[in-house]
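Student: Got structure-v2.cif for you, mmCIF, C-alpha atoms:
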```
data_start
#
loop_
_atom_site.label_atom_id
_atom_site.label_comp_id
_atom_site.auth_asym_id
_atom_site.auth_seq_id
_atom_site.Cartn_x
_atom_site.Cartn_y
_atom_site.Cartn_z
CA MET A 7 9.69 17.63 3.79
CA ILE A 8 12.09 15.89 1.44
CA ASN A 9 11.06 15.16 -2.12
CA ARG A 10 12.82 12.02 -3.30
CA ASN A 11 12.80 13.13 -6.94
CA PRO A 12 11.27 9.97 -8.40
CA ASN A 13 12.74 8.70 -11.64
CA SER A 14 10.03 6.93 -13.61
CA ASN A 15 12.61 5.14 -15.76
CA GLU A 16 14.25 3.38 -12.81
CA THR A 17 13.02 -0.13 -12.02
CA LEU A 18 12.48 -0.37 -8.27
CA LEU A 19 10.70 -3.72 -8.09
CA SER A 20 10.76 -6.64 -10.49
CA ILE A 21 8.40 -9.63 -10.31
CA LYS A 22 9.04 -12.63 -12.54
CA ASP A 23 6.99 -15.83 -12.91
CA LEU A 24 5.50 -15.42 -9.43
CA VAL A 25 3.43 -18.39 -8.25
CA LYS A 26 1.53 -18.76 -5.00
CA THR A 27 -0.23 -22.03 -4.25
CA TYR A 28 -1.92 -22.46 -0.88
CA PRO A 29 -1.79 -25.76 1.05
CA ASN A 30 -5.37 -26.56 0.00
CA GLY A 31 -4.26 -26.52 -3.64
CA THR A 32 -5.68 -23.09 -4.54
CA GLN A 33 -3.37 -21.38 -7.00
CA ALA A 34 -3.75 -17.69 -6.18
CA LEU A 35 -1.01 -16.46 -8.52
CA LYS A 36 0.03 -18.09 -11.79
CA GLU A 37 3.39 -16.98 -13.20
CA VAL A 38 2.77 -13.27 -12.68
CA SER A 39 5.47 -10.99 -14.14
CA PHE A 40 5.74 -7.19 -14.20
CA GLU A 41 8.01 -4.33 -13.16
CA VAL A 42 7.38 -1.30 -10.96
CA ARG A 43 9.17 1.97 -11.69
CA ARG A 44 10.25 4.31 -8.94
CA GLY A 45 7.70 7.03 -8.25
CA GLU A 46 4.72 5.57 -10.06
CA PHE A 47 1.21 5.08 -8.70
CA LEU A 48 0.42 1.53 -9.79
CA VAL A 49 -3.10 0.21 -9.23
CA VAL A 50 -4.02 -3.49 -9.30
CA ILE A 51 -7.63 -4.30 -10.17
CA GLY A 52 -9.71 -7.45 -10.51
CA LEU A 53 -12.58 -9.36 -8.99
CA SER A 54 -12.48 -10.52 -5.38
CA GLY A 55 -10.40 -13.69 -5.33
CA SER A 56 -8.37 -12.70 -8.39
CA GLY A 57 -5.13 -12.68 -6.37
CA LYS A 58 -4.73 -8.94 -5.65
CA SER A 59 -4.21 -9.19 -1.88
CA THR A 60 -2.02 -12.27 -2.22
CA LEU A 61 0.18 -10.38 -4.67
CA LEU A 62 0.71 -7.45 -2.30
CA ARG A 63 1.40 -9.78 0.62
CA CYS A 64 4.03 -11.60 -1.41
CA LEU A 65 5.77 -8.32 -2.27
CA ASN A 66 6.72 -7.68 1.37
CA ARG A 67 6.88 -11.35 2.38
CA LEU A 68 3.75 -11.43 4.54
CA ASN A 69 3.06 -14.39 2.26
CA ASP A 70 5.88 -16.59 1.01
CA PRO A 71 5.63 -17.23 -2.74
CA THR A 72 5.68 -20.84 -3.93
CA SER A 73 8.07 -20.03 -6.76
CA GLY A 74 9.25 -17.20 -8.96
CA GLU A 75 11.42 -14.18 -8.28
CA ILE A 76 10.91 -10.79 -6.60
CA THR A 77 13.75 -8.29 -6.84
CA PHE A 78 13.72 -5.05 -4.82
CA ASN A 79 16.45 -2.50 -5.50
CA GLY A 80 18.34 -5.17 -7.42
CA LYS A 81 18.29 -7.75 -4.62
CA SER A 82 16.18 -10.89 -4.38
CA THR A 83 13.69 -10.83 -1.50
CA LEU A 84 13.06 -14.58 -1.45
CA ASP A 85 16.27 -15.72 0.27
CA LEU A 86 16.35 -13.12 3.05
CA LYS A 87 17.07 -13.93 6.67
CA PRO A 88 14.38 -13.03 9.28
CA ALA A 89 16.09 -9.76 10.22
CA GLU A 90 16.35 -8.85 6.54
CA VAL A 91 12.64 -9.60 6.03
CA ARG A 92 11.82 -7.19 8.86
CA ASN A 93 13.92 -4.54 7.15
CA LEU A 94 12.18 -5.25 3.83
CA ARG A 95 8.80 -4.63 5.48
CA LYS A 96 10.00 -1.21 6.59
CA LYS A 97 11.07 -0.34 3.07
CA VAL A 98 7.96 -1.90 1.52
CA ALA A 99 5.38 -0.75 4.07
CA MET A 100 1.70 -1.67 3.98
CA ILE A 101 -1.67 -0.23 4.94
CA PHE A 102 -4.75 -2.40 5.17
CA GLN A 103 -8.47 -2.19 4.57
CA HIS A 104 -9.27 -2.32 8.29
CA PHE A 105 -6.60 0.16 9.50
CA ASN A 106 -5.06 -2.13 12.23
CA LEU A 107 -4.76 0.66 14.79
CA VAL A 108 -4.71 0.15 18.57
CA PRO A 109 -8.15 1.57 19.53
CA ARG A 110 -7.35 2.84 23.03
CA HIS A 111 -4.05 4.45 22.11
CA THR A 112 -3.82 8.03 20.94
CA VAL A 113 -3.37 8.98 17.32
CA LEU A 114 0.22 10.05 17.98
CA SER A 115 0.99 6.80 19.81
CA ASN A 116 -0.35 4.77 16.90
CA VAL A 117 1.81 6.67 14.43
CA LEU A 118 4.91 6.23 16.59
CA MET A 119 4.36 2.46 16.47
CA GLY A 120 5.76 2.62 12.99
CA ARG A 121 9.14 3.31 14.63
CA LEU A 122 9.13 0.17 16.81
CA GLY A 123 11.38 -1.71 14.40
CA ASP A 124 14.09 0.93 14.84
CA THR A 125 13.69 1.41 18.60
CA PRO A 126 15.65 -0.63 21.18
CA SER A 127 13.46 -3.31 22.82
CA LEU A 128 13.42 -1.80 26.34
CA LYS A 129 12.60 1.68 25.09
CA SER A 130 9.87 0.37 22.79
CA LEU A 131 8.34 -1.56 25.69
CA PHE A 132 7.83 1.70 27.60
CA GLY A 133 7.01 3.80 24.55
CA MET A 134 10.22 5.83 24.85
CA PHE A 135 10.70 7.31 21.39
CA SER A 136 13.29 9.85 20.36
CA ALA A 137 12.67 13.54 19.71
CA PRO A 138 13.25 13.04 15.95
CA ASP A 139 10.66 10.21 16.01
CA TYR A 140 8.09 12.57 17.53
CA GLN A 141 9.00 15.24 15.02
CA LYS A 142 8.55 12.88 12.07
CA ALA A 143 5.29 11.48 13.45
CA ARG A 144 3.82 14.97 13.74
CA GLU A 145 5.19 15.88 10.31
CA TYR A 146 3.37 12.97 8.71
CA LEU A 147 0.17 13.63 10.66
CA ASN A 148 0.30 17.13 9.22
CA LEU A 149 0.93 15.74 5.74
CA VAL A 150 -2.30 13.70 5.90
CA GLY A 151 -4.26 16.59 7.38
CA ILE A 152 -4.94 15.21 10.84
CA ALA A 153 -2.34 16.86 13.09
CA GLU A 154 -4.98 18.41 15.37
CA LYS A 155 -6.21 14.92 16.36
CA GLU A 156 -2.90 13.67 17.79
CA LYS A 157 -4.16 13.44 21.39
CA MET A 158 -7.44 11.71 20.56
CA ARG A 159 -7.94 7.98 20.94
CA ALA A 160 -7.93 6.13 17.64
CA ASP A 161 -11.40 4.67 18.24
CA GLN A 162 -12.86 8.18 18.45
CA LEU A 163 -11.99 8.87 14.81
CA SER A 164 -14.01 8.24 11.68
CA GLY A 165 -12.97 5.46 9.32
CA GLY A 166 -11.36 7.87 6.90
CA GLN A 167 -9.43 9.57 9.69
CA GLN A 168 -8.21 6.20 10.98
CA GLN A 169 -6.95 5.28 7.53
CA ARG A 170 -5.03 8.55 7.38
CA VAL A 171 -3.44 7.69 10.74
CA ALA A 172 -2.46 4.31 9.24
CA ILE A 173 -0.82 6.11 6.31
CA ALA A 174 1.14 8.37 8.68
CA ARG A 175 2.22 5.33 10.70
CA ALA A 176 3.52 3.60 7.57
CA LEU A 177 5.40 6.74 6.54
CA THR A 178 7.37 6.79 9.80
CA GLN A 179 9.04 3.59 8.60
CA GLN A 180 10.64 5.67 5.81
CA PRO A 181 9.44 3.32 3.06
CA GLU A 182 10.37 3.42 -0.60
CA ILE A 183 7.15 1.62 -1.53
CA LEU A 184 3.75 1.90 0.11
CA LEU A 185 1.41 -1.05 -0.47
CA ALA A 186 -2.27 -0.20 -0.01
CA ASP A 187 -4.59 -3.22 0.16
CA GLU A 188 -8.11 -2.00 -0.62
CA PRO A 189 -7.52 1.18 1.42
CA VAL A 190 -10.99 2.64 0.78
CA ALA A 191 -13.10 -0.53 0.72
CA SER A 192 -14.37 0.08 4.28
CA LEU A 193 -15.15 3.77 3.70
CA ASP A 194 -18.20 5.64 2.46
CA PRO A 195 -17.98 7.13 -1.05
CA ALA A 196 -17.53 10.70 0.21
CA THR A 197 -14.46 9.68 2.21
CA CYS A 198 -12.83 7.57 -0.50
CA HIS A 199 -11.49 10.56 -2.42
CA THR A 200 -10.07 12.14 0.74
CA VAL A 201 -7.94 9.07 1.50
CA MET A 202 -6.94 8.66 -2.14
CA ASP A 203 -5.98 12.34 -2.34
CA TYR A 204 -3.57 11.87 0.56
CA LEU A 205 -2.05 8.77 -1.04
CA LYS A 206 -1.55 10.83 -4.18
CA LYS A 207 0.07 13.55 -2.06
CA VAL A 208 2.44 10.99 -0.53
CA ASN A 209 3.29 9.79 -4.02
CA GLN A 210 3.87 13.22 -5.53
CA GLU A 211 5.39 15.18 -2.64
CA LEU A 212 7.54 12.44 -1.09
CA GLY A 213 8.21 10.48 -4.27
CA ILE A 214 7.11 7.24 -2.59
CA THR A 215 6.02 4.54 -5.01
CA ILE A 216 2.43 3.41 -4.45
CA ILE A 217 1.03 -0.04 -5.30
CA CYS A 218 -2.67 -0.03 -4.53
CA ASN A 219 -5.49 -2.56 -4.89
CA LEU A 220 -8.80 -0.97 -5.90
CA HIS A 221 -12.25 -2.06 -7.06
CA PHE A 222 -13.70 1.15 -8.48
CA LEU A 223 -12.51 2.13 -11.95
CA SER A 224 -13.58 5.74 -11.44
CA LEU A 225 -10.90 5.96 -8.73
CA VAL A 226 -8.42 4.05 -10.87
CA ARG A 227 -8.82 6.50 -13.74
CA GLN A 228 -8.32 9.47 -11.45
CA TYR A 229 -5.31 8.32 -9.43
CA ALA A 230 -3.37 5.58 -11.23
CA THR A 231 -0.42 6.24 -13.50
CA ARG A 232 -0.53 2.59 -14.62
CA VAL A 233 -2.89 -0.35 -14.13
CA ILE A 234 -2.51 -4.11 -13.86
CA ALA A 235 -5.59 -6.32 -13.96
CA LEU A 236 -5.62 -9.82 -12.46
CA LYS A 237 -8.12 -12.54 -13.31
CA ALA A 238 -7.92 -15.95 -11.65
CA GLY A 239 -4.32 -15.26 -10.63
CA GLU A 240 -3.08 -14.15 -14.05
CA ILE A 241 -2.35 -10.74 -15.54
CA VAL A 242 -4.92 -10.04 -18.23
CA PHE A 243 -4.25 -6.32 -18.72
CA GLU A 244 -1.33 -3.94 -18.20
CA GLY A 245 -1.37 -0.35 -19.35
CA SER A 246 -2.75 3.14 -18.88
CA PRO A 247 -6.09 3.72 -17.09
CA THR A 248 -7.35 5.43 -20.25
CA GLU A 249 -6.91 2.16 -22.16
CA ILE A 250 -9.54 0.34 -20.08
CA THR A 251 -12.42 0.44 -22.54
CA ASP A 252 -15.86 -1.11 -22.07
CA ASP A 253 -14.54 -4.19 -23.84
CA TRP A 254 -11.60 -4.49 -21.46
CA PHE A 255 -13.90 -3.94 -18.49
CA ALA A 256 -16.02 -6.89 -19.63
CA ARG A 257 -12.94 -9.07 -20.14
CA ILE A 258 -11.62 -8.23 -16.66
CA TYR A 259 -14.86 -8.36 -14.68
CA GLY A 260 -17.05 -10.56 -16.86
CA HIS A 261 -19.80 -9.84 -19.35
CA GLY A 262 -22.85 -8.38 -17.66
CA ALA A 263 -20.82 -6.63 -14.93
CA ARG A 264 -21.64 -2.98 -14.41
CA GLU A 265 -19.20 -0.27 -13.44
CA VAL A 266 -19.94 1.53 -10.17
CA HIS A 267 -18.79 5.15 -10.03
CA ILE A 268 -17.46 6.92 -6.95
CA ASN A 269 -18.09 10.64 -7.45
#
```
Show this structure as structure tokens.
Tutor:
Amino acid sequence: MINRNPNSNETLLSIKDLVKTYPNGTQALKEVSFEVRRGEFLVVIGLSGSGKSTLLRCLNRLNDPTSGEITFNGKSTLDLKPAEVRNLRKKVAMIFQHFNLVPRHTVLSNVLMGRLGDTPSLKSLFGMFSAPDYQKAREYLNLVGIAEKEKMRADQLSGGQQQRVAIARALTQQPEILLADEPVASLDPATCHTVMDYLKKVNQELGITIICNLHFLSLVRQYATRVIALKAGEIVFEGSPTEITDDWFARIYGHGAREVHIN
């Protein structure tokens, strides 16, 4: 396993004056600006509808921003050709709330699907992956603690196990950034920490930068190295998890909101 020796002083991703307005006129993001340093575990918080998912989808061009600038490794991502966008999505990989696995395929097959972008079309059609691809897939299944399940069908796994398969699949793309869009929202509280622990392991052992949307501040305080809070498409807080006081919680989530703890 290679540790990428993250340098927290190096800017990996820069977002400046990012705006996203949908065709119906909804302005999901309003001149959002921040930087992401290599190797950090950045968590984005905010109410549902605050723009968190839209932000992550803009970072790897699943959504096209209306205006603004996104720079990854010193290069703008907004004027890329289609082939370059596909390459960006390998380097800025994403896992989703609902896992997006192929239910009837095995765990190993699902993980290998992360290599489709680097596999010739004919070989990918017949699932003909290289020996190094198989080696890496098993390596990442081991990293997320699920290597013994490689021959099982994905739909035979629990939700937490499926999310760990999704993490392993994303890792086979050899990303520099892993975007996690509400990765534990579909899981029971007991499983949330397991998935978050493996994301932390990916961050610390592989040096992969994590940008993660979360709802629960108890998880934020345990896993985040830095926090950004969105409200109605604007950044209203940026800082350390320890700086989110009761007053800040009320400003982010509204007066009268109560914090729910995941133990």
Student: Could you tell me which residues the PyMOL selection byres ((chain A and resi 113) around 6) returns for this structure, as a PyMOL selection string?
Tutor: chain A and resi 112+114-116+156+158-160
Student: Write the residues you've just listed into a file as a PDB file, in the coordinates of the input, and include C-alpha atoms for each of them.
Tutor:
```pdb
ATOM      1  CA  THR A 112      -3.820   8.030  20.940  1.00  0.00           C
ATOM      2  CA  LEU A 114       0.220  10.050  17.980  1.00  0.00           C
ATOM      3  CA  SER A 115       0.990   6.800  19.810  1.00  0.00           C
ATOM      4  CA  ASN A 116      -0.350   4.770  16.900  1.00  0.00           C
ATOM      5  CA  GLU A 156      -2.900  13.670  17.790  1.00  0.00           C
ATOM      6  CA  MET A 158      -7.440  11.710  20.560  1.00  0.00           C
ATOM      7  CA  ARG A 159      -7.940   7.980  20.940  1.00  0.00           C
ATOM      8  CA  ALA A 160      -7.930   6.130  17.640  1.00  0.00           C
TER       9      ALA A 160
END
```
Student: Could you expand the PyMOL selection byres ((chain A and resi 51-59) around 9) into the explicit residues it covers here, written as an NGL selection string?
Tutor: :A and (33-35 or 49-50 or 60-64 or 187-188 or 218-223 or 226 or 233-240 or 258-259)
Student: Which is closest to A:Ala172 among A:Ala191, A:Ile101, A:Leu147, A:Val201, if we use only C-alpha atoms?
Tutor: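 Of the candidates, the smallest distance to A:Ala172 is held by A:Ile101.
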Student: Suppose a student applies the PyMOL selection byres ((chain A and resi 17) around 12) to this structure; what residues should they get, written as a short mmCIF file (atom, residue, chain, number, x, y, z; two decimals) with C-alpha atoms, keeping the file's coordinate frame?
Tutor:
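See result-v3.cif below for the written result:
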```
data_model
loop_
_atom_site.label_atom_id
_atom_site.label_comp_id
_atom_site.auth_asym_id
_atom_site.auth_seq_id
_atom_site.Cartn_x
_atom_site.Cartn_y
_atom_site.Cartn_z
CA PRO A 12 11.27 9.97 -8.40
CA ASN A 13 12.74 8.70 -11.64
CA SER A 14 10.03 6.93 -13.61
CA ASN A 15 12.61 5.14 -15.76
CA GLU A 16 14.25 3.38 -12.81
CA LEU A 18 12.48 -0.37 -8.27
CA LEU A 19 10.70 -3.72 -8.09
CA SER A 20 10.76 -6.64 -10.49
CA ILE A 21 8.40 -9.63 -10.31
CA PHE A 40 5.74 -7.19 -14.20
CA GLU A 41 8.01 -4.33 -13.16
CA VAL A 42 7.38 -1.30 -10.96
CA ARG A 43 9.17 1.97 -11.69
CA ARG A 44 10.25 4.31 -8.94
CA GLY A 45 7.70 7.03 -8.25
CA GLU A 46 4.72 5.57 -10.06
CA THR A 77 13.75 -8.29 -6.84
CA PHE A 78 13.72 -5.05 -4.82
CA ASN A 79 16.45 -2.50 -5.50
CA GLY A 80 18.34 -5.17 -7.42
CA LYS A 81 18.29 -7.75 -4.62
CA THR A 215 6.02 4.54 -5.01
#
```
Student: For the atom pair atom CA of A:Ile217 and atom CA of A:Ile183, what is the interatomic distance in Å to one decimal place?
Tutor: 7.4 Å
